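A.B. asks: Sharing a structure with you now.
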Amino acid sequence: MYRDGKQILTSHVHSFILNHGALGDVICSLPALVHARQTVSDLMAMKVYCPPWQVDLLKHLLDPYGKFFVHPITEFPLEKAKREGWDGGPNSLNAATHNTHTRNRVHMVDYAFAFLTDSRPESMLQRSYPTKAPLGPRYPLLDEPYIVFPVGATSDNKLFKAHVMAPVIEWAAAQGYTPVLVGTKTSHTHAEMGDNKVEKLVIRDEVDKLPPELLAQCADLREKTTLLELRDLLGHAEAVVGVDGGTLHLAGTTDTNIIYAMGTTLPKHRYIARNGNPNHKIRYVGPRNLECAGCQSNWPMTRWDFRFCAYEDNKCMDQLHHDDFINGLKELGL
């Protein structure tokens with residue numbers, strides 16, 4: 001707010017607490033931080049607290065957009081009494097109780113704007129992922145063109161099934177692209193698993209179900225990169241192909257081609273906008289002939305945990321079709 005050409009500041013510090021740990025949610029939070037930095041006086045210091053393993057990545061992604069202070073969340077005093085005397089922080093938390101807000105029919109970028117800055121984005125440009133951070137060098141031993149396949153998932157309704165993935169990998173190899181598998185078996189993210197128990201999410205994949213002769217054509221880089229190295233790997237790829245998850249959102253901070261498959265959500269609620277365009281070098285894929293597809297986007301209730309299928313069969317992942325991935329790659333010029 002301004003009067004007589006002077007900006008009114010109620011605080012000299014604004015703290016953003018990215019405490020959920022899920023990489024995709026963190027990436028979706030960044031447009032709100034960028035908007036805040038670009039629209040608020042430099043007199044206001046902006047501190048970002050995030051999981052320790054994300055600190056280097058967030059510093060790199062935010063650096064082109066102004067001055068941020070990025071800290072591991074382990075340095076944030078969780079008890080209010082220990083924050084006495086802090087100069088204004090924290091002013092916002094990206095968390096809300098279930099009866100305050102629902103994520104069902106809201107894009108996660110809009111959700112972050114609401115709970116981090118108490119505002120709403122006014123344009124697709126404001127919703128766009130930060131893409132200005134430069135890429136590092138190409139990954140060693142990957143001199144030829146390659147396509148990245150993120151294979152891990154924290155829930156069965158985001159699992160890239162082997163029978164869907166295999167023909168796409170086979171097509172990529174036949175076109176002269178090295179298929180590169182990325183992912184991890186180690187999850188740092190915790191979630192409530194029922195009975196008020198908070199546990200680490202379990203990551204699984206179906207790589208062991210791929211035919212051995214097909215797997216032999218792949219470069220398996222699972223567990224072999226940091227998040228910053230993974231971003232470089234994604235950014236230098238001809239394309240990134242996978243199901244909704246943190247790695248696809250990380251790819252959205254680069255200019256690479258993306259094939260983005262969804263089961264429980266629809267593109268209108270999970271698009272990746274870059275440079276003001278939600279269709280920039282991206283194709284969205286959904287399950288064929290499935291009435292319940294996009295359940296989270298269409299669900300009228302707020303209390304369902306969408307990590308779990310209401311029908312307990314996760315058909316949305318089974319009914320993704322490999323031709324839709326391949327056609328998307330062709331449309332993007334591969």
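Order determines the names: the first chain of the structure tokens is A, the second B, and so forth; residues in each chain are numbered 1 upward, and ligands are numbered 1 upward as they are shown.
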Give one line per residue of stretch 203-273 of chain A that approaches stretch 312-330 of chain A to at most 9 Å, naming the two atoms of the closest pair and their distance in Å to one decimal, counting only C-alpha atoms; sort by chain then ascending residue number and deliver it as a tab-separated table.

C.D. replies:
residue	atom	partner	partner_atom	distance
A:Ala239	CA	A:Leu329	CA	7.8
A:Val241	CA	A:Phe325	CA	7.6
A:Gly242	CA	A:Phe325	CA	8.8
A:Val243	CA	A:Met317	CA	8.8
A:Asn257	CA	A:Leu329	CA	8.2
A:Ile258	CA	A:Leu329	CA	8.3
A:Ile259	CA	A:Phe325	CA	6.6
A:Tyr260	CA	A:Phe325	CA	8.6
A:Ala261	CA	A:Leu320	CA	7.9
A:Met262	CA	A:Cys316	CA	8.2
A:Gly263	CA	A:Cys316	CA	5.1
A:Thr264	CA	A:Cys316	CA	7.4

A.B. asks: Using DSSP on the backbone, list every residue of stretch 167-279 of chain A that comes out as strand (DSSP E), and give them as a ChimeraX atom specification.

C.D. replies: /A:178-182,190-192,198-200,219-220,239-243,257-261

A.B. asks: Grab the atom CA of A:Asp42 to atom CA of A:Thr254 distance for me, in Å with one decimal place.

C.D. replies: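 Rounded to one decimal, the two atoms are 26.8 Å apart.
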
A.B. asks: Do a neighbour search on A:Lys209 at 12 Å with only C-alpha atoms, toss out local chain neighbours closer than 2 positions, and write the hits as a ChimeraX atom specification.

C.D. replies: /A:151,160-166,205-207,211-215

A.B. asks: Take the residues from that selection and write them out as a PDB file, in the first residue's frame, keeping N, CA and C atoms.

C.D. replies:
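Below is the file that was written, again-v6.pdb:
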ATOM      1  N   VAL A 151      10.488 -42.809 -12.953  1.00  0.00           N
ATOM      2  CA  VAL A 151       9.760 -44.075 -12.805  1.00  0.00           C
ATOM      3  C   VAL A 151       9.159 -44.283 -11.424  1.00  0.00           C
ATOM      4  N   PHE A 160       3.960 -45.234 -12.867  1.00  0.00           N
ATOM      5  CA  PHE A 160       4.182 -45.462 -14.298  1.00  0.00           C
ATOM      6  C   PHE A 160       4.312 -46.970 -14.499  1.00  0.00           C
ATOM      7  N   LYS A 161       3.236 -47.603 -14.971  1.00  0.00           N
ATOM      8  CA  LYS A 161       3.189 -49.046 -15.078  1.00  0.00           C
ATOM      9  C   LYS A 161       4.118 -49.541 -16.200  1.00  0.00           C
ATOM     10  N   ALA A 162       4.704 -50.715 -15.967  1.00  0.00           N
ATOM     11  CA  ALA A 162       5.674 -51.267 -16.923  1.00  0.00           C
ATOM     12  C   ALA A 162       5.039 -51.496 -18.294  1.00  0.00           C
ATOM     13  N   HIS A 163       3.796 -51.972 -18.317  1.00  0.00           N
ATOM     14  CA  HIS A 163       3.168 -52.270 -19.613  1.00  0.00           C
ATOM     15  C   HIS A 163       2.856 -51.003 -20.396  1.00  0.00           C
ATOM     16  N   VAL A 164       2.750 -49.857 -19.717  1.00  0.00           N
ATOM     17  CA  VAL A 164       2.565 -48.572 -20.395  1.00  0.00           C
ATOM     18  C   VAL A 164       3.920 -47.995 -20.806  1.00  0.00           C
ATOM     19  N   MET A 165       4.879 -48.099 -19.913  1.00  0.00           N
ATOM     20  CA  MET A 165       6.196 -47.501 -20.121  1.00  0.00           C
ATOM     21  C   MET A 165       7.007 -48.214 -21.193  1.00  0.00           C
ATOM     22  N   ALA A 166       6.955 -49.546 -21.202  1.00  0.00           N
ATOM     23  CA  ALA A 166       7.851 -50.328 -22.069  1.00  0.00           C
ATOM     24  C   ALA A 166       7.746 -49.943 -23.544  1.00  0.00           C
ATOM     25  N   ASP A 205       8.569 -48.524  -7.912  1.00  0.00           N
ATOM     26  CA  ASP A 205       8.516 -48.432  -9.366  1.00  0.00           C
ATOM     27  C   ASP A 205       8.348 -49.840  -9.933  1.00  0.00           C
ATOM     28  N   GLU A 206       8.181 -49.925 -11.257  1.00  0.00           N
ATOM     29  CA  GLU A 206       8.000 -51.226 -11.920  1.00  0.00           C
ATOM     30  C   GLU A 206       9.122 -51.504 -12.912  1.00  0.00           C
ATOM     31  N   VAL A 207      10.301 -50.968 -12.626  1.00  0.00           N
ATOM     32  CA  VAL A 207      11.438 -51.195 -13.520  1.00  0.00           C
ATOM     33  C   VAL A 207      11.772 -52.677 -13.619  1.00  0.00           C
ATOM     34  N   PRO A 211      11.178 -55.845 -19.724  1.00  0.00           N
ATOM     35  CA  PRO A 211      11.958 -56.934 -20.328  1.00  0.00           C
ATOM     36  C   PRO A 211      13.456 -56.653 -20.197  1.00  0.00           C
ATOM     37  N   PRO A 212      14.241 -57.667 -19.817  1.00  0.00           N
ATOM     38  CA  PRO A 212      15.690 -57.457 -19.639  1.00  0.00           C
ATOM     39  C   PRO A 212      16.380 -56.866 -20.859  1.00  0.00           C
ATOM     40  N   GLU A 213      15.976 -57.304 -22.060  1.00  0.00           N
ATOM     41  CA  GLU A 213      16.618 -56.784 -23.269  1.00  0.00           C
ATOM     42  C   GLU A 213      16.295 -55.299 -23.477  1.00  0.00           C
ATOM     43  N   LEU A 214      15.139 -54.848 -23.003  1.00  0.00           N
ATOM     44  CA  LEU A 214      14.784 -53.438 -23.096  1.00  0.00           C
ATOM     45  C   LEU A 214      15.530 -52.634 -22.034  1.00  0.00           C
ATOM     46  N   LEU A 215      15.599 -53.164 -20.842  1.00  0.00           N
ATOM     47  CA  LEU A 215      16.304 -52.495 -19.754  1.00  0.00           C
ATOM     48  C   LEU A 215      17.778 -52.307 -20.096  1.00  0.00           C
TER      49      LEU A 215
END

A.B. asks: Each residue of stretch 29-53 of chain A lying at most 7 Å from stretch 119-131 of chain A should get a row with its shortest atom-to-atom pair and the distance in Å to one decimal, counting only C-alpha atoms; could you produce that, ordered by chain and increasing number, as a Markdown table?

C.D. replies:
| residue | atom | partner | partner_atom | distance |
| --- | --- | --- | --- | --- |
| A:Leu30 | CA | A:Tyr129 | CA | 6.9 |
| A:Pro31 | CA | A:Tyr129 | CA | 5.8 |
| A:His35 | CA | A:Gln126 | CA | 6.7 |

A.B. asks: Got time to write the residues from that selection, C-alpha atoms, as a PDB file, in the first residue's frame?

C.D. replies:
ATOM      1  CA  LEU A  30       7.815 -20.853  -6.115  1.00  0.00           C
ATOM      2  CA  PRO A  31       5.710 -18.594  -8.407  1.00  0.00           C
ATOM      3  CA  HIS A  35       5.710 -12.630  -7.328  1.00  0.00           C
TER       4      HIS A  35
END

A.B. asks: Can you tell me, as a PyMOL selection string, what residues are no more than 7 Å from A:Thr265 when counting only C-alpha atoms, ignoring any on the same chain fewer than 2 positions away?

C.D. replies: chain A and resi 262-263+267+269-270+294-297

A.B. asks: Quick one: write out the picked residues with N, CA and C atoms as a compact mmCIF listing (two decimals), in the first residue's frame?

C.D. replies:
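Result file follows (again_35.txt):
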# COMPACT_ATOMS: atom_id res chain seq x y z
N MET A 262 -1.60 -37.83 -16.21
CA MET A 262 -2.36 -37.63 -14.98
C MET A 262 -3.44 -38.69 -14.87
N GLY A 263 -3.79 -39.03 -13.65
CA GLY A 263 -4.88 -39.97 -13.43
C GLY A 263 -5.95 -39.39 -12.54
N PRO A 267 -5.71 -31.51 -16.37
CA PRO A 267 -4.73 -30.46 -16.67
C PRO A 267 -5.13 -29.08 -16.15
N HIS A 269 -6.17 -28.24 -13.44
CA HIS A 269 -5.77 -28.08 -12.04
C HIS A 269 -4.32 -28.44 -11.79
N ARG A 270 -3.60 -28.95 -12.79
CA ARG A 270 -2.21 -29.36 -12.57
C ARG A 270 -1.30 -29.02 -13.75
N GLY A 294 -9.66 -38.24 -13.33
CA GLY A 294 -9.72 -36.88 -12.81
C GLY A 294 -10.55 -36.76 -11.56
N CYS A 295 -10.58 -37.83 -10.75
CA CYS A 295 -11.44 -37.85 -9.57
C CYS A 295 -11.18 -36.67 -8.64
N GLN A 296 -9.92 -36.33 -8.42
CA GLN A 296 -9.62 -35.24 -7.49
C GLN A 296 -10.11 -33.90 -8.03
N SER A 297 -10.06 -33.73 -9.35
CA SER A 297 -10.54 -32.49 -9.95
C SER A 297 -12.06 -32.39 -9.96

A.B. asks: What does the structure give for the distance between atom CA of A:Ala172 and atom CA of A:Leu290, in Å to one decimal?

C.D. replies: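 Going from atom CA of A:Ala172 over to atom CA of A:Leu290 covers 27.0 Å.
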
A.B. asks: Nearest to A:Pro167 among A:Val202, A:Val285, A:Leu210, A:Val34, with distances taken over only C-alpha atoms: which residue is it?

C.D. replies: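 Selected residue with least distance to A:Pro167: A:Leu210.
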